[in-house]
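**Student:** Supplied in C-alpha cells, the structure appears directly below.
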Amino acid sequence: MKLIDTTIPDVKIVELCLFGDTRGFFMETWNKKTFAGLGLDLDFVQDNHSRSRQGILRGLHYQIQNPQGKLVRVTHGKVFDVAVDIRRSSPSFGQWVGVVLSEDSPQMLWVPPGFAHGFYVMSESADFLYKCTDTYAPEYERSLQWNDPTLAINWPLVDGLLPLLSAKDVQGVSWQDAEMYE
Ligand SMILES: Cc1cn([C@H]2C[C@H](O)[C@@H](COP(=O)(O)OP(=O)(O)O[C@H]3O[C@@H](C)C(=O)[C@@H](O)[C@H]3O)O2)c(=O)[nH]c1=O
C-alpha cells in the first residue's frame, strides 16, 4: 500500500496492493496500522455504500460541524471523484482535486475533514463505498453547488448532458454564500 500525492497535499490517492491469482484477487482495503505507518492515523466510525446510475452527481457535501474525513473507493463502475478544500486557513483553500476511481484500478481517495466531497458516475452504474471519521449529522450537512463558476470543476459529463441531482443538491449553495471552515 502506498500514498500518491495530488495537487492538494492533504488529499491522497491510496494505491492498494492487489494479489491476483487463478481464483481472482485479494487486497487489503483498510488496515489501521499500515495507514498509521503511512502517516494517516485514522479512526473510522461509519461505513457507507451507495449505488448510482450513469449521469448521477452526488455532492458537493460537507458537514459544517462534525466534519467527516472520507476514505472512498469504487467496487463497480467508474466515477469522477472530487474534493474541494473549504478551510479558509488552508494554502489550498478553494482548490479542488478530481480523480477517476474505477473497479479496474486498485485505488482509493483520502478526503480529509474540511473538504466538500462529491462524485459523478461515468459508467452505466457505480457502487461507491466509503469509511467516515465522524457520523452522519444531517442538521450540519451542507451542499455546495456542483457547477459553481468560481470553482469551475471540470466534470467529465457523458455526452455533455447535465448531471442528475437530488432535490437537495439542486438547492446547492454557491461558493460565495457557502459556510466554510475557519
Ligand atoms: C449520507 C447519509 C445519508 N443517509 C440517508 C439520508 C437520506 O434519506 C438518504 C440519502 O441521503 P443523501 O441524499 O444525503 O445521500 P448522498 O447524496 O449519497 O450523500 C453522500 O454524498 C457523498 C458525495 C458524500 O460525500 C457523503 O458524505 C454523503 O453526503 O440516506 C443516512 O441515513 N446516513 C448517511 O450517512
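Identifiers in the C-alpha cells: chain A, B, ... in order shown; residue index from 1 per chain; ligand index from 1 in order shown.
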Show me which residues are within 8 Å of ligand 1 counting only C-alpha atoms and all ligand atoms, and format the list as a list of chain:residue names.
**Tutor:** A:Gln46, A:Asn48, A:Ser50, A:Leu57, A:Arg58, A:Gly59, A:Leu60, A:His61, A:Tyr62, A:Gln68, A:Lys70, A:Ala116, A:His117, A:Gly118, A:Phe119, A:Cys132, A:Thr135, A:Tyr136, A:Ala137, A:Pro138, A:Glu141, A:Ser166, A:Lys168, A:Asp169
**Student:** Determine which residues of region 52-174 of chain A DSSP labels as helix (DSSP H, G or I) from the backbone of this structure, then write them out as a list of chain:residue names.
**Tutor:**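 Taking region 52-174 of chain A and keeping helix (DSSP H, G or I) only, one gets A:Pro138, A:Glu139, A:Tyr140, A:Val158, A:Asp159, A:Gly160, A:Ala167, A:Lys168, A:Asp169, A:Val170.
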**Student:** Can you list, as a ChimeraX atom specification, every residue of region 40-164 of chain A that DSSP puts in strand (DSSP E or B)?
**Tutor:** /A:46-53,56-63,70-76,78-85,87,96-102,107-111,115-121,125-132,141-144,164
**Student:** Can you tell me which residues surround Pro113 (chain A) at a distance of at most 10 Å, considering only C-alpha atoms, apart from same-chain residues fewer than 6 positions away, and format the answer as a PyMOL selection string?
**Tutor:** chain A and resi 10+62-63+66-70+85-87+132-134+181
**Student:** Those selected residues, please, written with C-alpha atoms and delivered as a CSV table (one decimal), in the first residue's frame.
**Tutor:**
```
chain,number,residue,atom,x,y,z
A,10,ASP,CA,-3.7,16.7,2.3
A,62,TYR,CA,-19.8,18.5,3.9
A,63,GLN,CA,-20.9,18.9,7.5
A,66,ASN,CA,-18.6,17.2,13.0
A,67,PRO,CA,-16.7,17.3,9.6
A,68,GLN,CA,-16.1,13.9,8.2
A,69,GLY,CA,-12.9,12.5,6.7
A,70,LYS,CA,-13.7,10.0,4.0
A,85,ASP,CA,-10.7,22.5,0.2
A,86,ILE,CA,-13.1,24.7,2.1
A,87,ARG,CA,-10.8,25.5,5.0
A,132,CYS,CA,-16.1,8.1,7.6
A,133,THR,CA,-14.2,9.5,10.6
A,134,ASP,CA,-17.4,11.0,12.0
A,181,TYR,CA,-14.4,26.1,8.0
```
**Student:** One decimal, Å: what's the distance from CA of Arg73 (chain A) over to CA of Gly94 (chain A), could you say?
**Tutor:** 23.4 Å
**Student:** Between A:Ser123, A:Ser92, A:Ser102, A:Gln171, which is the closest to Pro9 (chain A) once you count only C-alpha atoms?
**Tutor:**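 Checking each of A:Ser123, A:Ser92, A:Ser102, A:Gln171 against Pro9 (chain A), counting only C-alpha atoms, the winner is A:Ser92.
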**Student:** Each residue of region 64-167 of chain A with at least one atom at most 12 Å from region 27-32 of chain A should appear once, together with its nearest atom pair and the corresponding distance in Å (one decimal); atoms considered: only C-alpha atoms; ordering: chain, then increasing residue number; output as a Markdown table.
**Tutor:**
```
| residue | atom | partner | partner_atom | distance |
| --- | --- | --- | --- | --- |
| A:Leu71 | CA | A:Trp30 | CA | 9.2 |
| A:Val72 | CA | A:Thr29 | CA | 10.1 |
| A:Arg73 | CA | A:Thr29 | CA | 9.1 |
| A:Val74 | CA | A:Thr29 | CA | 11.3 |
| A:Thr75 | CA | A:Thr29 | CA | 11.1 |
| A:Ser105 | CA | A:Met27 | CA | 11.8 |
| A:Pro106 | CA | A:Met27 | CA | 8.5 |
| A:Gln107 | CA | A:Thr29 | CA | 9.2 |
| A:Met108 | CA | A:Thr29 | CA | 8.5 |
| A:Leu109 | CA | A:Thr29 | CA | 11.3 |
| A:Trp110 | CA | A:Trp30 | CA | 11.7 |
| A:Leu129 | CA | A:Thr29 | CA | 10.9 |
| A:Tyr130 | CA | A:Thr29 | CA | 10.6 |
| A:Lys131 | CA | A:Trp30 | CA | 9.3 |
```
**Student:** Could you take the residues named above and write them with C-alpha atoms, as a PDB file, in the first residue's frame?
**Tutor:**
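Final output, saved to out_5.pdb:
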```pdb
ATOM      1  CA  LEU A  71     -11.771   7.098   2.556  1.00  0.00           C
ATOM      2  CA  VAL A  72     -13.585   6.398  -0.678  1.00  0.00           C
ATOM      3  CA  ARG A  73     -13.474   3.698  -3.325  1.00  0.00           C
ATOM      4  CA  VAL A  74     -15.429   2.220  -6.200  1.00  0.00           C
ATOM      5  CA  THR A  75     -16.109  -1.515  -6.367  1.00  0.00           C
ATOM      6  CA  SER A 105      -7.745   0.232 -10.709  1.00  0.00           C
ATOM      7  CA  PRO A 106      -6.934  -0.641  -7.082  1.00  0.00           C
ATOM      8  CA  GLN A 107      -7.001   2.921  -5.825  1.00  0.00           C
ATOM      9  CA  MET A 108      -8.901   4.810  -3.143  1.00  0.00           C
ATOM     10  CA  LEU A 109      -9.008   8.501  -2.315  1.00  0.00           C
ATOM     11  CA  TRP A 110      -8.457  10.017   1.130  1.00  0.00           C
ATOM     12  CA  LEU A 129     -18.068   2.671  -0.724  1.00  0.00           C
ATOM     13  CA  TYR A 130     -16.539   4.875   1.938  1.00  0.00           C
ATOM     14  CA  LYS A 131     -15.417   4.947   5.518  1.00  0.00           C
TER      15      LYS A 131
END
```
**Student:** Within 12 Å of Ala36 (chain A), counting only C-alpha atoms, which residues show up once you throw out same-chain ones fewer than 5 positions away? Write them as a ChimeraX atom specification, please.
**Tutor:** /A:1-3,30-31,41-43
**Student:** Under the rule that only C-alpha atoms are counted, which of A:Val14, A:Leu144, A:Ala126, A:Met180 is the nearest residue to Ser89 (chain A)?
**Tutor:**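 Ranking A:Val14, A:Leu144, A:Ala126, A:Met180 by distance to Ser89 (chain A), first place goes to A:Met180.
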**Student:** Counting only C-alpha atoms, what is within 9 Å of Gly98 (chain A), bar same-chain residues fewer than 2 positions away, as a PyMOL selection string?
**Tutor:** chain A and resi 80-84+96+100+119+153-155
**Student:** Create the file for the chosen residues now, containing N, CA and C atoms and written as a CSV table (one decimal), in the first residue's frame.
**Tutor:**
```
chain,number,residue,atom,x,y,z
A,80,PHE,N,-16.0,10.0,-11.3
A,80,PHE,CA,-15.0,11.1,-11.2
A,80,PHE,C,-15.3,11.7,-9.8
A,81,ASP,N,-14.3,11.6,-8.9
A,81,ASP,CA,-14.5,11.9,-7.5
A,81,ASP,C,-13.7,13.2,-7.2
A,82,VAL,N,-14.4,14.1,-6.5
A,82,VAL,CA,-13.9,15.5,-6.3
A,82,VAL,C,-13.8,15.9,-4.8
A,83,ALA,N,-12.7,16.5,-4.5
A,83,ALA,CA,-12.6,17.0,-3.1
A,83,ALA,C,-12.3,18.5,-3.2
A,84,VAL,N,-13.0,19.3,-2.5
A,84,VAL,CA,-12.8,20.8,-2.6
A,84,VAL,C,-12.3,21.3,-1.2
A,96,TRP,N,-9.6,22.4,-5.9
A,96,TRP,CA,-10.2,21.1,-6.0
A,96,TRP,C,-9.3,20.1,-6.6
A,100,VAL,N,-10.3,9.9,-11.1
A,100,VAL,CA,-11.1,8.9,-11.6
A,100,VAL,C,-10.9,7.6,-10.8
A,119,PHE,N,-19.2,13.2,-6.3
A,119,PHE,CA,-18.7,12.3,-7.4
A,119,PHE,C,-19.8,12.3,-8.5
A,153,ILE,N,-15.2,23.3,-11.7
A,153,ILE,CA,-14.8,21.9,-11.7
A,153,ILE,C,-15.0,21.3,-13.1
A,154,ASN,N,-14.0,20.6,-13.6
A,154,ASN,CA,-14.0,20.1,-14.9
A,154,ASN,C,-14.7,18.7,-15.0
A,155,TRP,N,-16.0,18.6,-14.7
A,155,TRP,CA,-16.7,17.3,-14.7
A,155,TRP,C,-16.7,16.7,-16.0
```
**Student:** Determine the nearest neighbour of Val79 (chain A) from the options A:Val99, A:Val121, A:Leu164, A:Ile8, counting only C-alpha atoms.
**Tutor:**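 Ranked by minimum distance to Val79 (chain A), first place goes to A:Val121.
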**Student:** Out of A:Ser143, A:Pro112, A:Ala178, A:Met122, which residue has the shortest atom-to-atom distance to Asp159 (chain A) when counting only C-alpha atoms?
**Tutor:** A:Met122
